[in-house]
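What follows is final36.cif (mmCIF, C-alpha atoms).
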```
data_final
loop_
_atom_site.label_atom_id
_atom_site.label_comp_id
_atom_site.auth_asym_id
_atom_site.auth_seq_id
_atom_site.Cartn_x
_atom_site.Cartn_y
_atom_site.Cartn_z
CA MET A 1 167.83 48.34 -50.36
CA THR A 2 168.05 44.54 -50.52
CA ASP A 3 168.77 43.12 -47.08
CA VAL A 4 171.64 40.62 -47.37
CA VAL A 5 173.58 39.65 -44.27
CA ALA A 6 177.09 38.40 -45.03
CA THR A 7 180.37 38.13 -43.12
CA ASN A 8 183.88 37.06 -43.91
CA GLU A 9 182.71 33.51 -43.13
CA THR A 10 180.22 33.68 -46.00
CA ILE A 11 180.96 32.07 -49.37
CA LEU A 12 179.97 34.00 -52.49
CA VAL A 13 178.95 31.80 -55.41
CA VAL A 14 178.80 33.64 -58.73
CA GLY A 15 176.61 31.92 -61.30
CA GLY A 16 173.38 29.96 -60.77
CA GLY A 17 173.73 27.19 -63.32
CA ILE A 18 174.25 23.53 -62.43
CA SER A 19 177.80 24.21 -61.16
CA GLY A 20 176.87 27.24 -59.07
CA MET A 21 173.85 25.50 -57.57
CA THR A 22 175.96 22.45 -56.75
CA ALA A 23 178.71 24.51 -55.10
CA ALA A 24 176.18 26.53 -53.10
CA LEU A 25 174.34 23.43 -51.91
CA GLU A 26 177.48 21.53 -50.97
CA ALA A 27 178.83 24.49 -48.98
CA ALA A 28 175.51 25.22 -47.26
CA GLU A 29 174.92 21.59 -46.36
CA CYS A 30 178.36 21.64 -44.72
CA GLY A 31 177.09 24.46 -42.50
CA LYS A 32 178.42 27.51 -44.35
CA ASP A 33 176.44 30.64 -45.25
CA VAL A 34 176.21 31.22 -49.00
CA VAL A 35 175.11 34.06 -51.23
CA LEU A 36 174.31 32.77 -54.73
CA VAL A 37 174.37 35.44 -57.43
CA GLU A 38 172.86 34.91 -60.89
CA LYS A 39 172.69 37.53 -63.67
CA SER A 40 169.60 36.00 -65.30
CA PRO A 41 166.08 36.22 -63.81
CA SER A 42 166.22 32.56 -62.71
CA LEU A 43 168.56 29.70 -61.83
CA GLY A 44 169.33 26.76 -64.08
CA GLY A 45 171.83 28.03 -66.64
CA ARG A 46 172.58 26.13 -69.84
CA VAL A 47 171.38 22.83 -68.39
CA SER A 48 167.83 24.18 -68.16
CA GLN A 49 167.97 24.79 -71.92
CA LEU A 50 168.78 21.18 -72.78
CA TYR A 51 166.14 18.86 -74.17
CA LYS A 52 167.89 15.70 -72.91
CA TYR A 53 171.12 14.65 -71.19
CA PHE A 54 173.48 12.06 -72.65
CA PRO A 55 173.95 9.13 -72.34
CA LYS A 56 170.67 8.13 -70.65
CA LEU A 57 168.63 10.63 -72.67
CA CYS A 58 166.60 11.69 -69.66
CA HIS A 59 165.25 15.21 -69.31
CA PRO A 60 167.18 17.74 -67.19
CA THR A 61 164.05 18.65 -65.24
CA CYS A 62 164.83 15.66 -63.04
CA GLY A 63 168.23 16.87 -61.83
CA LEU A 64 167.07 20.47 -61.60
CA GLU A 65 164.01 19.56 -59.56
CA ILE A 66 166.14 17.74 -56.97
CA ASN A 67 168.57 20.65 -56.67
CA LEU A 68 165.80 23.23 -56.41
CA ARG A 69 164.11 21.23 -53.68
CA ARG A 70 167.38 21.09 -51.72
CA LEU A 71 167.94 24.80 -52.28
CA LYS A 72 164.47 25.85 -51.13
CA ALA A 73 164.89 23.81 -47.96
CA ASN A 74 168.25 25.32 -47.01
CA LYS A 75 168.05 28.55 -45.04
CA ARG A 76 171.79 29.15 -45.35
CA ILE A 77 171.54 30.05 -49.05
CA ARG A 78 170.46 33.53 -50.13
CA VAL A 79 169.69 33.79 -53.86
CA LEU A 80 170.06 37.06 -55.78
CA THR A 81 168.85 37.00 -59.39
CA LEU A 82 169.30 39.69 -62.05
CA ALA A 83 172.52 40.36 -60.14
CA GLU A 84 176.08 40.80 -61.36
CA VAL A 85 179.39 41.20 -59.56
CA SER A 86 180.85 44.63 -60.29
CA THR A 87 184.05 44.36 -58.24
CA ILE A 88 185.77 42.13 -55.71
CA ALA A 89 188.47 43.63 -53.50
CA GLY A 90 190.44 42.43 -50.51
CA LYS A 91 192.38 39.31 -49.66
CA PRO A 92 191.62 35.63 -48.99
CA GLY A 93 189.30 35.42 -46.00
CA ASP A 94 188.41 39.10 -46.21
CA TYR A 95 186.77 40.25 -49.45
CA THR A 96 184.24 42.97 -50.22
CA ALA A 97 182.11 42.23 -53.27
CA SER A 98 179.99 44.87 -54.96
CA ILE A 99 176.82 43.40 -56.51
CA LYS A 100 174.62 45.28 -58.99
CA ILE A 101 170.98 44.14 -58.91
CA SER A 102 168.76 45.09 -61.85
CA PRO A 103 165.03 45.71 -61.29
CA ARG A 104 162.64 42.85 -61.99
CA TYR A 105 159.58 45.07 -61.68
CA VAL A 106 157.82 42.13 -59.99
CA ASN A 107 158.05 41.57 -56.24
CA GLU A 108 157.69 38.49 -54.04
CA ASN A 109 153.88 38.71 -54.05
CA CYS A 110 153.91 37.10 -57.51
CA THR A 111 152.01 33.81 -57.77
CA ALA A 112 153.05 33.20 -61.40
CA CYS A 113 149.40 33.36 -62.49
CA GLY A 114 150.38 34.92 -65.84
CA GLU A 115 147.74 37.66 -65.93
CA CYS A 116 150.42 40.31 -66.56
CA ALA A 117 151.61 38.45 -69.67
CA THR A 118 148.04 38.17 -70.94
CA ALA A 119 147.53 41.90 -70.49
CA VAL A 120 150.55 43.16 -72.43
CA SER A 121 150.85 43.12 -76.22
CA ALA A 122 154.54 43.96 -76.68
CA GLU A 123 156.88 41.08 -77.48
CA ILE A 124 160.63 40.56 -77.10
CA SER A 125 163.09 37.96 -78.39
CA ASN A 126 163.14 34.89 -76.17
CA PRO A 127 166.63 34.42 -74.67
CA PHE A 128 165.73 30.96 -73.35
CA ASN A 129 165.23 29.78 -76.95
CA TYR A 130 168.34 31.59 -78.20
CA ASN A 131 166.15 34.35 -79.66
CA MET A 132 164.53 32.00 -82.18
CA ASP A 133 161.02 33.04 -81.18
CA LYS A 134 159.17 35.80 -79.33
CA ILE A 135 157.62 36.01 -75.89
CA LYS A 136 155.50 38.64 -74.17
CA ALA A 137 157.42 41.47 -72.48
CA ALA A 138 155.97 40.22 -69.19
CA TYR A 139 157.18 36.65 -68.92
CA LEU A 140 158.20 33.64 -66.85
CA PRO A 141 161.71 32.67 -68.06
CA PHE A 142 160.79 28.97 -68.38
CA SER A 143 158.38 26.50 -66.78
CA MET A 144 160.73 25.43 -63.95
CA ALA A 145 162.14 28.90 -63.30
CA TYR A 146 163.29 29.65 -59.76
CA PRO A 147 162.27 31.99 -58.35
CA GLN A 148 158.86 31.15 -59.86
CA ARG A 149 158.17 34.79 -60.54
CA TYR A 150 157.43 36.82 -63.66
CA VAL A 151 159.69 39.51 -65.11
CA ILE A 152 158.70 42.78 -66.76
CA ASP A 153 161.13 43.65 -69.54
CA PRO A 154 162.66 47.14 -69.13
CA SER A 155 161.71 48.00 -72.74
CA ILE A 156 158.05 48.56 -71.78
CA ILE A 157 158.62 50.53 -68.57
CA GLY A 158 156.96 53.90 -68.99
CA THR A 159 154.58 52.64 -71.66
CA PRO A 160 150.84 51.82 -71.51
CA ASP A 161 151.74 48.12 -71.65
CA ALA A 162 153.50 48.36 -68.30
CA GLU A 163 150.43 49.98 -66.78
CA LYS A 164 148.27 47.21 -68.22
CA ALA A 165 150.50 44.63 -66.54
CA LYS A 166 150.19 46.46 -63.24
CA SER A 167 146.42 46.75 -63.50
CA ALA A 168 146.04 43.07 -64.39
CA CYS A 169 147.86 41.87 -61.28
CA LYS A 170 145.51 41.00 -58.40
CA TYR A 171 148.32 40.58 -55.88
CA ASN A 172 150.10 43.95 -56.10
CA ALA A 173 153.15 42.10 -57.41
CA VAL A 174 153.97 44.44 -60.31
CA ASP A 175 156.17 47.25 -58.97
CA LEU A 176 157.07 49.64 -61.78
CA GLY A 177 159.02 51.85 -59.39
CA MET A 178 161.81 49.34 -58.76
CA LYS A 179 165.31 50.78 -59.27
CA GLU A 180 168.76 49.34 -59.81
CA GLU A 181 170.55 48.64 -56.52
CA THR A 182 174.12 48.05 -55.46
CA VAL A 183 174.81 45.73 -52.53
CA LYS A 184 178.19 45.33 -50.86
CA LEU A 185 178.91 41.95 -49.29
CA LYS A 186 181.63 40.84 -46.91
CA VAL A 187 182.76 37.33 -47.88
CA GLY A 188 185.69 35.07 -47.14
CA ALA A 189 185.93 33.10 -50.40
CA VAL A 190 184.43 33.08 -53.88
CA VAL A 191 183.31 30.22 -56.11
CA TRP A 192 183.23 31.50 -59.67
CA ALA A 193 180.68 29.46 -61.65
CA THR A 194 179.71 31.74 -64.51
CA GLY A 195 179.58 28.89 -67.01
CA TRP A 196 180.09 28.97 -70.74
CA LYS A 197 178.77 30.58 -73.87
CA PRO A 198 178.50 29.13 -77.39
CA TYR A 199 181.23 30.27 -79.72
CA ASP A 200 179.97 32.90 -82.17
CA ALA A 201 179.16 30.91 -85.31
CA ASN A 202 179.21 34.11 -87.37
CA LYS A 203 182.99 34.08 -87.02
CA ILE A 204 183.26 30.76 -88.91
CA GLN A 205 182.72 32.44 -92.26
CA PRO A 206 183.19 29.39 -94.56
CA TYR A 207 180.15 27.75 -92.96
CA GLY A 208 177.77 30.62 -93.74
CA TYR A 209 175.81 30.67 -90.50
CA ASP A 210 175.12 34.37 -91.05
CA ARG A 211 174.08 33.82 -94.67
CA TYR A 212 172.21 30.52 -94.91
CA ALA A 213 169.00 30.01 -92.96
CA ASN A 214 169.38 26.24 -92.89
CA VAL A 215 172.73 26.31 -91.11
CA ILE A 216 172.09 26.40 -87.36
CA THR A 217 174.05 25.73 -84.17
CA SER A 218 173.85 22.72 -81.87
CA VAL A 219 172.34 24.78 -79.04
CA GLU A 220 169.61 26.05 -81.35
CA PHE A 221 168.93 22.50 -82.55
CA GLU A 222 168.58 21.36 -78.93
CA ARG A 223 165.88 23.95 -78.25
CA MET A 224 164.05 23.13 -81.48
CA LEU A 225 163.54 19.50 -80.44
CA ASP A 226 162.13 20.43 -77.04
CA PRO A 227 158.30 20.41 -77.05
CA PHE A 228 158.49 23.79 -75.25
CA GLY A 229 160.97 25.15 -77.80
CA PRO A 230 160.46 27.60 -80.68
CA THR A 231 159.05 24.97 -83.07
CA GLY A 232 157.07 23.00 -80.48
CA GLY A 233 159.43 20.06 -80.91
CA LYS A 234 159.09 19.88 -84.69
CA LEU A 235 162.30 19.31 -86.66
CA VAL A 236 161.77 21.77 -89.48
CA ARG A 237 163.99 24.05 -91.54
CA PRO A 238 164.08 27.74 -90.63
CA SER A 239 163.89 28.75 -94.30
CA ASP A 240 160.62 27.15 -95.32
CA GLY A 241 159.24 24.99 -92.48
CA LYS A 242 159.97 21.79 -94.41
CA GLU A 243 160.73 18.71 -92.31
CA ALA A 244 164.49 18.22 -92.03
CA LYS A 245 165.00 14.48 -92.54
CA ASN A 246 168.51 14.66 -93.99
CA VAL A 247 170.63 16.32 -91.33
CA ALA A 248 174.40 16.94 -91.24
CA PHE A 249 176.38 17.58 -88.08
CA ILE A 250 179.74 19.32 -88.39
CA GLN A 251 182.06 18.61 -85.48
CA CYS A 252 184.69 20.98 -84.04
CA ALA A 253 182.85 24.04 -85.37
CA GLY A 254 185.09 26.64 -83.78
CA SER A 255 187.03 24.21 -81.56
CA ARG A 256 190.53 22.79 -82.05
CA ASP A 257 191.23 25.56 -84.54
CA ARG A 258 194.01 28.11 -84.19
CA ASN A 259 191.77 30.68 -85.92
CA HIS A 260 189.02 30.25 -83.31
CA LEU A 261 189.19 28.16 -80.10
CA LYS A 262 192.38 26.15 -79.67
CA HIS A 263 190.96 23.82 -77.06
CA CYS A 264 188.66 20.80 -77.45
CA SER A 265 185.24 21.78 -76.12
CA ARG A 266 184.71 18.20 -74.90
CA ILE A 267 180.88 18.13 -75.09
CA CYS A 268 180.44 18.55 -78.85
CA CYS A 269 180.92 14.96 -80.04
CA MET A 270 178.58 13.51 -77.46
CA ALA A 271 176.04 16.29 -78.07
CA SER A 272 175.91 15.46 -81.78
CA LEU A 273 175.68 11.72 -81.11
CA LYS A 274 172.78 12.46 -78.78
CA GLN A 275 171.12 14.73 -81.33
CA THR A 276 171.29 12.04 -84.03
CA THR A 277 168.90 10.05 -81.84
CA TYR A 278 166.44 12.95 -81.96
CA VAL A 279 166.38 12.81 -85.77
CA ARG A 280 165.91 9.04 -85.76
CA GLU A 281 163.09 9.30 -83.21
CA LYS A 282 161.31 11.86 -85.37
CA PHE A 283 161.55 10.21 -88.75
CA GLY A 284 162.50 6.56 -88.22
CA ASP A 285 163.82 4.92 -91.37
CA ASP A 286 163.12 8.09 -93.38
CA ALA A 287 165.92 9.82 -91.45
CA ASN A 288 169.45 10.20 -92.78
CA VAL A 289 172.17 11.60 -90.56
CA SER A 290 175.73 12.47 -91.54
CA ILE A 291 178.42 13.34 -88.99
CA TYR A 292 181.49 15.11 -90.37
CA TYR A 293 184.28 14.74 -87.83
CA ILE A 294 188.02 15.02 -87.16
CA ASP A 295 187.94 12.44 -84.36
CA ILE A 296 185.07 11.32 -82.14
CA ARG A 297 185.90 11.93 -78.50
CA ALA A 298 183.54 9.89 -76.37
CA ILE A 299 185.19 10.58 -73.03
CA ASP A 300 184.96 8.50 -69.86
CA ARG A 301 182.40 5.69 -70.02
CA LEU A 302 180.47 7.00 -73.05
CA GLU A 303 182.09 4.73 -75.64
CA ASP A 304 179.08 2.37 -75.57
CA PHE A 305 176.75 5.20 -76.55
CA TYR A 306 179.07 6.08 -79.46
CA LYS A 307 179.18 2.45 -80.63
CA LYS A 308 175.38 2.23 -80.52
CA VAL A 309 175.01 5.29 -82.75
CA GLN A 310 177.85 4.13 -84.98
CA ALA A 311 176.03 0.83 -85.60
CA ASP A 312 172.89 2.63 -86.81
CA PRO A 313 172.63 2.12 -90.60
CA LYS A 314 170.93 5.50 -90.94
CA VAL A 315 173.92 7.36 -89.45
CA LYS A 316 176.97 7.94 -91.64
CA PHE A 317 180.34 9.07 -90.29
CA ILE A 318 182.57 11.06 -92.66
CA LYS A 319 186.11 11.68 -91.45
CA SER A 320 186.61 15.18 -92.78
CA LYS A 321 186.92 18.79 -91.73
CA VAL A 322 184.33 20.44 -93.97
CA ALA A 323 186.04 23.09 -96.08
CA ASN A 324 183.03 25.30 -96.74
CA ILE A 325 179.27 25.41 -97.24
CA THR A 326 177.34 26.88 -100.16
CA GLU A 327 173.60 26.96 -100.83
CA ASP A 328 171.39 25.66 -103.60
CA LYS A 329 169.51 28.85 -104.43
CA ALA A 330 166.45 27.03 -105.75
CA SER A 331 165.86 24.68 -102.82
CA GLY A 332 167.71 26.41 -99.97
CA ASP A 333 169.62 23.17 -99.33
CA PRO A 334 173.06 23.67 -97.79
CA ILE A 335 175.84 21.97 -99.79
CA LEU A 336 178.89 20.74 -97.92
CA HIS A 337 182.25 20.72 -99.69
CA GLY A 338 185.39 18.91 -98.58
CA VAL A 339 187.52 15.80 -98.79
CA ASP A 340 186.82 12.48 -97.07
CA THR A 341 190.24 11.68 -95.63
CA GLU A 342 189.49 7.94 -95.34
CA GLY A 343 188.71 7.55 -99.03
CA TYR A 344 190.51 10.69 -100.23
CA TYR A 345 187.69 11.72 -102.49
CA ARG A 346 186.01 15.08 -102.82
CA TYR A 347 182.37 15.52 -101.93
CA ASP A 348 179.71 18.15 -102.64
CA THR A 349 176.80 16.86 -100.59
CA LYS A 350 173.35 18.38 -100.13
CA HIS A 351 171.47 18.21 -96.85
CA ASP A 352 168.14 19.57 -95.60
CA LEU A 353 169.74 21.08 -92.51
CA VAL A 354 173.28 21.57 -91.17
CA VAL A 355 174.00 21.68 -87.44
CA LEU A 356 177.27 23.22 -86.30
CA ALA A 357 178.57 21.50 -83.15
CA ILE A 358 179.62 24.83 -81.78
CA GLY A 359 182.57 25.30 -79.43
CA MET A 360 182.44 26.23 -75.76
CA GLU A 361 184.19 29.25 -74.26
CA PRO A 362 183.98 30.76 -70.76
CA SER A 363 181.24 33.35 -70.28
CA VAL A 364 183.73 35.57 -68.43
CA ASP A 365 187.43 35.80 -69.20
CA ALA A 366 189.06 34.86 -65.88
CA SER A 367 191.65 37.62 -66.20
CA LYS A 368 188.81 40.18 -65.88
CA ILE A 369 187.55 38.93 -62.50
CA MET A 370 190.15 40.61 -60.29
CA LYS A 371 193.88 40.98 -59.99
CA GLY A 372 195.39 37.73 -58.79
CA VAL A 373 192.97 35.50 -60.71
CA ALA A 374 194.84 33.92 -63.59
CA ALA A 375 193.43 32.80 -66.92
CA ASP A 376 194.73 30.03 -69.14
CA ALA A 377 195.14 30.48 -72.90
CA SER A 378 191.39 30.02 -73.43
CA GLY A 379 190.20 32.34 -70.65
CA PHE A 380 189.31 29.63 -68.11
CA ILE A 381 190.44 30.07 -64.49
CA ASP A 382 193.93 28.65 -63.99
CA ILE A 383 193.82 27.33 -60.42
CA ASN A 384 197.58 26.71 -60.30
CA ALA A 385 198.46 30.32 -61.10
CA THR A 386 195.65 32.04 -59.14
CA THR A 387 196.71 33.60 -55.82
CA GLU A 388 193.25 34.68 -54.59
CA ALA A 389 190.58 32.58 -52.86
CA VAL A 390 188.55 32.60 -56.07
CA PHE A 391 187.87 29.04 -57.20
CA GLY A 392 186.60 28.16 -60.65
CA ALA A 393 183.67 25.74 -60.78
CA GLY A 394 182.34 23.87 -63.78
CA CYS A 395 182.85 25.51 -67.15
CA ALA A 396 184.47 28.59 -65.63
CA SER A 397 187.44 26.31 -64.98
CA ASN A 398 187.47 24.21 -68.15
CA ALA A 399 185.32 22.87 -70.97
CA LEU A 400 183.28 20.20 -69.14
CA ASP A 401 180.12 18.15 -69.53
CA VAL A 402 177.37 18.19 -66.88
CA ASN A 403 178.73 15.24 -64.90
CA ARG A 404 182.25 16.64 -64.68
CA SER A 405 180.91 20.13 -63.95
CA VAL A 406 179.09 18.83 -60.88
CA GLN A 407 182.20 17.03 -59.66
CA ASN A 408 184.33 20.10 -60.29
CA ALA A 409 181.86 22.36 -58.46
CA THR A 410 181.97 20.10 -55.41
CA ALA A 411 185.76 20.40 -55.39
CA ALA A 412 185.52 24.20 -55.65
CA ALA A 413 183.08 24.31 -52.73
CA LEU A 414 185.48 22.27 -50.60
CA ARG A 415 188.34 24.65 -51.38
CA ALA A 416 186.18 27.62 -50.40
CA ILE A 417 185.16 25.85 -47.17
CA GLN A 418 188.83 25.34 -46.30
CA VAL A 419 189.39 29.11 -46.56
CA ILE A 420 186.36 29.84 -44.36
CA ASN A 421 187.53 27.29 -41.79
CA ARG A 422 190.90 29.01 -41.60
CA VAL A 423 189.12 32.32 -41.02
CA SER A 424 187.06 30.77 -38.22
CA ARG A 425 190.14 29.33 -36.52
CA ALA A 426 192.03 32.59 -36.79
CA GLU A 427 189.16 34.50 -35.17
CA ALA A 428 188.55 31.92 -32.43
#
```
As C-alpha cells - that is how I would like this structure written.
Amino acid sequence: MTDVVATNETILVVGGGISGMTAALEAAECGKDVVLVEKSPSLGGRVSQLYKYFPKLCHPTCGLEINLRRLKANKRIRVLTLAEVSTIAGKPGDYTASIKISPRYVNENCTACGECATAVSAEISNPFNYNMDKIKAAYLPFSMAYPQRYVIDPSIIGTPDAEKAKSACKYNAVDLGMKEETVKLKVGAVVWATGWKPYDANKIQPYGYDRYANVITSVEFERMLDPFGPTGGKLVRPSDGKEAKNVAFIQCAGSRDRNHLKHCSRICCMASLKQTTYVREKFGDDANVSIYYIDIRAIDRLEDFYKKVQADPKVKFIKSKVANITEDKASGDPILHGVDTEGYYRYDTKHDLVVLAIGMEPSVDASKIMKGVAADASGFIDINATTEAVFGAGCASNALDVNRSVQNATAAALRAIQVINRVSRAEA
C-alpha cells in the first residue's frame, strides 16, 4: 500500500500539468501540505508536448525545468503518478478522496539507464507524440519526465518481453508483481487542474481528417517540428514523406461552431501564427503559408507578434471559413474549397499540407467531478455556481493559454489556502 499522509489541512491538486504544478508549488511554498495527483506516468501535461511557446518562441523545457527544481526541493508536496481520482465525498474543509493508482511495474530503484527498453522488442503507440510513431513497451515518457523513471506497458505483462526487461535491469527496479492500489486521502480543499484535450477532428467531417492523410491537427504539427518528435523535426507529409512547403492553417476548427464547440478556444490563432514561423524557418523563401480565418484573436499583448507575421510576404491571410476539403487523388494534395469574404470570390486551392487549428475542451466535464461542482455550457468549472471547495485551475476552468493558466492556477491555490486556513482556525 502506498504510504500517503494527509489530513483535512492538506490540499489535493488533481492534474500535473503546468497549472497543477503551479498550484501545488504556490500552496506548498505558503506552508501547506499538498498531494499532487497525475494520471499519466509523469508531470508536464500538454506544455511538455509543445515545441515552442509564443510569443518569444523559447522552448518549454526552460519553464518546466524551473518548476521541477522547485518541486523536488519542496518536502510538502507528495506526487502520485498513474493515479486518478475515483470519488470525492464530504464537505469543504473535510473531504475524503479515493485515488486509484495503476501499476508502473518499475520501482524507485530505477536510474533511467534504458536497459529494459533495449531488452524488449514489443512496441506501442507513443502517446507523447499523439500516437504518430511507436516506442518500446518499456519506455521513458519523454526526456524531461518526472519522475525520471521508466514504465512497463501493461500489454507485455505476462509475456517473455516482460521477463527480458526484468532480467536486463541491474538495479532490481522492474517489479512485475505490482498491483493496482486504492488510496483514501483526507483533504480540506481540492484544486482541479485536469487540463484540456484537443477536440476530436474526426467529428469535423467536411475537413476529412479521417480520410485524407495530409490533413493533420495543430497538436500533431507541433510534435512533428520538435527534433524529438515523430519525424525528427522534419516537416514532411504523412502520405508520402514529401517536404510540405505549401502549408494551410484552418482556424476555428471545431471552435465557435454550434455544431461542435461554441466557445473560442483562445490559443488557436496564436498557435497558428507561431507555427507559420516554423514553416518559414524550415524552407525560407521557398515556403508559402496560408491562414484561413474568421477573425484573428491575438489577445493581451500579442498584437505585435501578429503584425510581424502579417507583414511576412510569404504568409497569406484569407478571411474565410473553409467549406470543405477534397483530395487530388493523383498527388494526395488537399484542396480547400470556400469563399473569400473580403473579395467574395470562390476558391479551390491546393496545398501540400493542411493543419487544423483544433479547438480546446476540458479533459473532464466539471459536472462529473462531484455533486456541488457546477459546469458551464462547455464543461469547464463554473466557480460562481460551485458550492464545494473544488477550485478550477488553468484549462479546467476555461480555455486559456500558458500564461493565463499559470495566473489562474495561482488564484485557485489561494482560494484553497483560504479554506485550509479556516479549518486551522476552527480547530485551534
Spatial sel., origin (180.4, 23.2, -47.9), limit 7 Å, all atoms listed in the file, listed as a VMD selection string: chain A and resid 26 to 32 413 to 414 417
Top pick for closest residue to Ile299 of chain A, considering A:Asn403, A:Ser143, A:Asn67, A:Gln148 and counting only C-alpha atoms: A:Asn403
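When atom CA of Thr386 of chain A is paired with atom CA of Val190 of chain A, their separation reads 12.4 Å.
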May I have the residues within 12 Å of His59 of chain A as a list in words, using all atoms listed in the file and disregarding those fewer than 2 positions away in the same chain? Val47, Ser48, Gln49, Leu50, Tyr51, Lys52, Tyr53, Phe54, Pro55, Lys56, Leu57, Thr61, Cys62, Gly63, Leu64, Glu65, Glu222, Asp226 and Pro227 of chain A
Cut-off 9 Å: closest segment 323-398 of chain A/segment 84-100 of chain A atom pairs per residue, using all atoms listed in the file, as JSON lines:
```
{"residue": "A:Ile369", "atom": "CA", "partner": "A:Ile88", "partner_atom": "CA", "distance": 7.7}
{"residue": "A:Met370", "atom": "CA", "partner": "A:Ile88", "partner_atom": "CA", "distance": 6.5}
{"residue": "A:Lys371", "atom": "CA", "partner": "A:Ala89", "partner_atom": "CA", "distance": 8.9}
{"residue": "A:Thr387", "atom": "CA", "partner": "A:Pro92", "partner_atom": "CA", "distance": 8.8}
{"residue": "A:Glu388", "atom": "CA", "partner": "A:Pro92", "partner_atom": "CA", "distance": 5.9}
{"residue": "A:Ala389", "atom": "CA", "partner": "A:Pro92", "partner_atom": "CA", "distance": 5.0}
{"residue": "A:Val390", "atom": "CA", "partner": "A:Pro92", "partner_atom": "CA", "distance": 8.3}
```
Based on the selection just made, write C-alpha atoms of those residues as a PDB file, keeping the file's coordinate frame.
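Contents of again-v1.pdb, freshly written:
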```
ATOM      1  CA  ILE A 369     187.550  38.930 -62.500  1.00  0.00           C
ATOM      2  CA  MET A 370     190.150  40.610 -60.290  1.00  0.00           C
ATOM      3  CA  LYS A 371     193.880  40.980 -59.990  1.00  0.00           C
ATOM      4  CA  THR A 387     196.710  33.600 -55.820  1.00  0.00           C
ATOM      5  CA  GLU A 388     193.250  34.680 -54.590  1.00  0.00           C
ATOM      6  CA  ALA A 389     190.580  32.580 -52.860  1.00  0.00           C
ATOM      7  CA  VAL A 390     188.550  32.600 -56.070  1.00  0.00           C
TER       8      VAL A 390
END
```
Would you list the contacts of Val406 of chain A as a PyMOL selection string, taking every protein, DNA or RNA residue within 9 Å and counting all atoms listed in the file, but skipping same-chain residues closer than 3 positions in sequence? chain A and resi 18-20+22-23+393-394+401-403+409-411
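Nearest to Ala117 of chain A of all the residues A:Tyr150, A:Tyr306, A:Tyr171, A:Tyr347 is A:Tyr150, counting all atoms listed in the file.
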Test item: the PyMOL selection byres ((chain A and resi 337) around 7) resolved as a tab-separated table (two decimals) with C-alpha atoms, in the coordinates of the input:
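Saved to result.tsv:
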```tsv
chain	number	residue	atom	x	y	z
A	322	VAL	CA	184.33	20.44	-93.97
A	323	ALA	CA	186.04	23.09	-96.08
A	324	ASN	CA	183.03	25.30	-96.74
A	325	ILE	CA	179.27	25.41	-97.24
A	335	ILE	CA	175.84	21.97	-99.79
A	336	LEU	CA	178.89	20.74	-97.92
A	338	GLY	CA	185.39	18.91	-98.58
A	347	TYR	CA	182.37	15.52	-101.93
A	348	ASP	CA	179.71	18.15	-102.64
A	349	THR	CA	176.80	16.86	-100.59
```
For the PyMOL selection byres ((chain A and resi 424) around 12), applied here, can you spell out every residue it catches as a PDB file with C-alpha atoms, in the frame of the given file?
```pdb
ATOM      1  CA  THR A   7     180.370  38.130 -43.120  1.00  0.00           C
ATOM      2  CA  ASN A   8     183.880  37.060 -43.910  1.00  0.00           C
ATOM      3  CA  GLU A   9     182.710  33.510 -43.130  1.00  0.00           C
ATOM      4  CA  THR A  10     180.220  33.680 -46.000  1.00  0.00           C
ATOM      5  CA  LYS A  32     178.420  27.510 -44.350  1.00  0.00           C
ATOM      6  CA  GLY A  93     189.300  35.420 -46.000  1.00  0.00           C
ATOM      7  CA  ASP A  94     188.410  39.100 -46.210  1.00  0.00           C
ATOM      8  CA  GLY A 188     185.690  35.070 -47.140  1.00  0.00           C
ATOM      9  CA  ILE A 417     185.160  25.850 -47.170  1.00  0.00           C
ATOM     10  CA  GLN A 418     188.830  25.340 -46.300  1.00  0.00           C
ATOM     11  CA  VAL A 419     189.390  29.110 -46.560  1.00  0.00           C
ATOM     12  CA  ILE A 420     186.360  29.840 -44.360  1.00  0.00           C
ATOM     13  CA  ASN A 421     187.530  27.290 -41.790  1.00  0.00           C
ATOM     14  CA  ARG A 422     190.900  29.010 -41.600  1.00  0.00           C
ATOM     15  CA  VAL A 423     189.120  32.320 -41.020  1.00  0.00           C
ATOM     16  CA  ARG A 425     190.140  29.330 -36.520  1.00  0.00           C
ATOM     17  CA  ALA A 426     192.030  32.590 -36.790  1.00  0.00           C
ATOM     18  CA  GLU A 427     189.160  34.500 -35.170  1.00  0.00           C
ATOM     19  CA  ALA A 428     188.550  31.920 -32.430  1.00  0.00           C
TER      20      ALA A 428
END
```
Given the file shown, enumerate the residues that the PyMOL selection byres ((chain A and resi 223) around 12) captures and present them as a PyMOL selection string. chain A and resi 46-52+126-133+216-222+224-235+275+278
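Minimum atom-to-atom distance to Ala168 of chain A, evaluated using only C-alpha atoms, belongs to A:Val120 out of A:Leu353, A:Met360, A:Val120, A:Ala377.
The space separating atom CA of Ile267 of chain A from atom CA of Phe391 of chain A comes to 22.1 Å.
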